[in-house]
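As structure tokens, the structure follows; a few thoughts come after it.
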Amino acid sequence: MPLRLITLPSIPSSFSSCLDHGAVNNESEEDASSDGGTINAVFLGSHHLGDRGVERIADGLEDSCRLYFRIHLDNNQITTKGAQLISSSLKHCPTLLELSLADNPLSNEGARHLASSLVCNDTLEMLNVSNCGIGALGVDALSYVLEHNNASLRWLDLSSNPMGDAGSQSMLRCIANESSFDHLLSCNHSLHGIILKKVTLEDKRRTLSRIMNYLKVNRKHSYSRSRIPQRKVLHHINEKPRNLLEYLSSIRNARLALKLQPTVLSLMDDLSALMVLVMNTPHIFTCGTDSG
């Protein structure tokens, strides 16, 4: 049975349309509220809008009299140009929570435009760009922004994109940058789900399993964001305990490092004790790595 990465047992109802393309595509009209000036959602899947149609919607996103919360434009022949228009509008739209652009030929350049908007947008919670021809370069642009500049996005659907192993490693690095403990502490702690159906990977089971485990940490401790970095460090130490010894040997306080190395060695098989070490000596994981 193939492994599928859907990281919550049940997706919140407000995000269910991210996975249910049939429901999205069956809608054809704008769902307006009782207030004639406020538009809650736009469902225009498979309407052959093209980039010209998207231009009108992008103009509406910048209209302060209209409050958009959900926009689904799947399968509309939207290209890089359309993605650029939407991206520009997202930078000035403080209300949008869901954006679905699945089954449009956005390509890597379109993903880069969307990534640039995520630097400025701090409200979007769901982005669906499945089957958009996004390769490793486009995924890398998205993952970089999510690692360094965005803490609002909760759900990202990248299914059926030719990202390959390089793209999947970018997403793993986004939520668990294991290049150093400092990077692991400062990576993305807000993503709850990354959907990667029908993505070709060399070691799919292991890669998806690692992504899922770190996402689980984000979800489980979302009520207390300060605990997430510690839990990720602990998880990493449990997988690669000798990395901690290497880190200890490189920190400024060499005397402390030498003192702690025997303790860490003795605790490598004791997860709870390692957690106590991490929680009671946080300075170990926040000091600089340069010697001196």
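Just remember, in the structure tokens the first chain shown is A, the second B, etc., residues are 1-based per chain, and ligands are 1-based in the order shown.
Excluding A:Asn150 and any residue on its chain fewer than 2 positions from it, the residues at most 9 Å away by only C-alpha atoms are Leu118, Val119, Cys120, Asn121, Asp122, Val145, Leu146, Glu147, His148, Ser152, Leu153, Asn188 and Ser190 of chain A.
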For N, CA and C atoms, I'd like the residues from the last selection saved as a PDB file, in the first residue's frame.
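Printed below is out-v6.pdb as written:
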ATOM      1  N   LEU A 118       4.403  35.629   0.046  1.00  0.00           N
ATOM      2  CA  LEU A 118       4.339  35.080   1.399  1.00  0.00           C
ATOM      3  C   LEU A 118       5.275  35.803   2.354  1.00  0.00           C
ATOM      4  N   VAL A 119       6.249  36.518   1.816  1.00  0.00           N
ATOM      5  CA  VAL A 119       7.127  37.317   2.669  1.00  0.00           C
ATOM      6  C   VAL A 119       6.335  38.421   3.353  1.00  0.00           C
ATOM      7  N   CYS A 120       5.374  38.990   2.614  1.00  0.00           N
ATOM      8  CA  CYS A 120       4.590  40.126   3.123  1.00  0.00           C
ATOM      9  C   CYS A 120       3.254  39.709   3.727  1.00  0.00           C
ATOM     10  N   ASN A 121       2.681  38.612   3.243  1.00  0.00           N
ATOM     11  CA  ASN A 121       1.350  38.198   3.687  1.00  0.00           C
ATOM     12  C   ASN A 121       1.446  37.369   4.964  1.00  0.00           C
ATOM     13  N   ASP A 122       0.717  37.781   6.008  1.00  0.00           N
ATOM     14  CA  ASP A 122       0.767  37.051   7.273  1.00  0.00           C
ATOM     15  C   ASP A 122      -0.595  36.521   7.699  1.00  0.00           C
ATOM     16  N   VAL A 145      11.190  30.737   1.879  1.00  0.00           N
ATOM     17  CA  VAL A 145      10.365  31.786   2.479  1.00  0.00           C
ATOM     18  C   VAL A 145       9.650  31.260   3.725  1.00  0.00           C
ATOM     19  N   LEU A 146       9.150  30.036   3.650  1.00  0.00           N
ATOM     20  CA  LEU A 146       8.449  29.469   4.793  1.00  0.00           C
ATOM     21  C   LEU A 146       9.397  29.218   5.969  1.00  0.00           C
ATOM     22  N   GLU A 147      10.651  28.946   5.666  1.00  0.00           N
ATOM     23  CA  GLU A 147      11.622  28.733   6.739  1.00  0.00           C
ATOM     24  C   GLU A 147      12.026  30.042   7.405  1.00  0.00           C
ATOM     25  N   HIS A 148      12.133  31.118   6.619  1.00  0.00           N
ATOM     26  CA  HIS A 148      12.733  32.341   7.138  1.00  0.00           C
ATOM     27  C   HIS A 148      11.767  33.523   7.295  1.00  0.00           C
ATOM     28  N   SER A 152       2.502  32.137   9.037  1.00  0.00           N
ATOM     29  CA  SER A 152       1.038  32.031   9.031  1.00  0.00           C
ATOM     30  C   SER A 152       0.529  30.787   8.305  1.00  0.00           C
ATOM     31  N   LEU A 153       1.253  30.336   7.270  1.00  0.00           N
ATOM     32  CA  LEU A 153       0.754  29.219   6.462  1.00  0.00           C
ATOM     33  C   LEU A 153       0.732  27.930   7.286  1.00  0.00           C
ATOM     34  N   ASN A 188      10.933  26.642  10.277  1.00  0.00           N
ATOM     35  CA  ASN A 188       9.482  26.828  10.339  1.00  0.00           C
ATOM     36  C   ASN A 188       8.849  25.936  11.403  1.00  0.00           C
ATOM     37  N   SER A 190       5.409  26.505  12.166  1.00  0.00           N
ATOM     38  CA  SER A 190       3.968  26.785  12.059  1.00  0.00           C
ATOM     39  C   SER A 190       3.228  25.878  11.079  1.00  0.00           C
TER      40      SER A 190
END
Cut-off 8 Å: closest stretch 165-184 of chain A/stretch 140-144 of chain A atom pairs per residue, using only C-alpha atoms, as a Markdown table:
| residue | atom | partner | partner_atom | distance |
| --- | --- | --- | --- | --- |
| A:Gly167 | CA | A:Asp140 | CA | 6.2 |
| A:Ser170 | CA | A:Asp140 | CA | 5.5 |
| A:Met171 | CA | A:Ser143 | CA | 5.5 |
| A:Arg173 | CA | A:Ser143 | CA | 7.8 |
| A:Cys174 | CA | A:Ser143 | CA | 5.3 |
If you keep N, CA and C atoms, can you produce a file of those selected residues as a PDB file, in the first residue's frame?
ATOM      1  N   GLY A 167      13.509  18.733  -4.305  1.00  0.00           N
ATOM      2  CA  GLY A 167      12.372  19.493  -3.794  1.00  0.00           C
ATOM      3  C   GLY A 167      11.907  18.993  -2.439  1.00  0.00           C
ATOM      4  N   SER A 170      14.162  20.124   0.217  1.00  0.00           N
ATOM      5  CA  SER A 170      13.929  21.544   0.530  1.00  0.00           C
ATOM      6  C   SER A 170      12.804  21.694   1.545  1.00  0.00           C
ATOM      7  N   MET A 171      11.732  20.916   1.361  1.00  0.00           N
ATOM      8  CA  MET A 171      10.615  20.995   2.298  1.00  0.00           C
ATOM      9  C   MET A 171      10.999  20.441   3.666  1.00  0.00           C
ATOM     10  N   ARG A 173      14.021  20.538   4.908  1.00  0.00           N
ATOM     11  CA  ARG A 173      14.885  21.563   5.491  1.00  0.00           C
ATOM     12  C   ARG A 173      14.071  22.742   6.021  1.00  0.00           C
ATOM     13  N   CYS A 174      12.960  23.032   5.375  1.00  0.00           N
ATOM     14  CA  CYS A 174      12.096  24.131   5.805  1.00  0.00           C
ATOM     15  C   CYS A 174      11.594  23.931   7.233  1.00  0.00           C
TER      16      CYS A 174
END
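Contact shell of A:Ile78 at 7 Å (only C-alpha atoms; same-chain neighbours under 2 positions omitted): Gly50, Asp51, Asn76, Gly82, Asn104, Pro105 and Leu106 of chain A.
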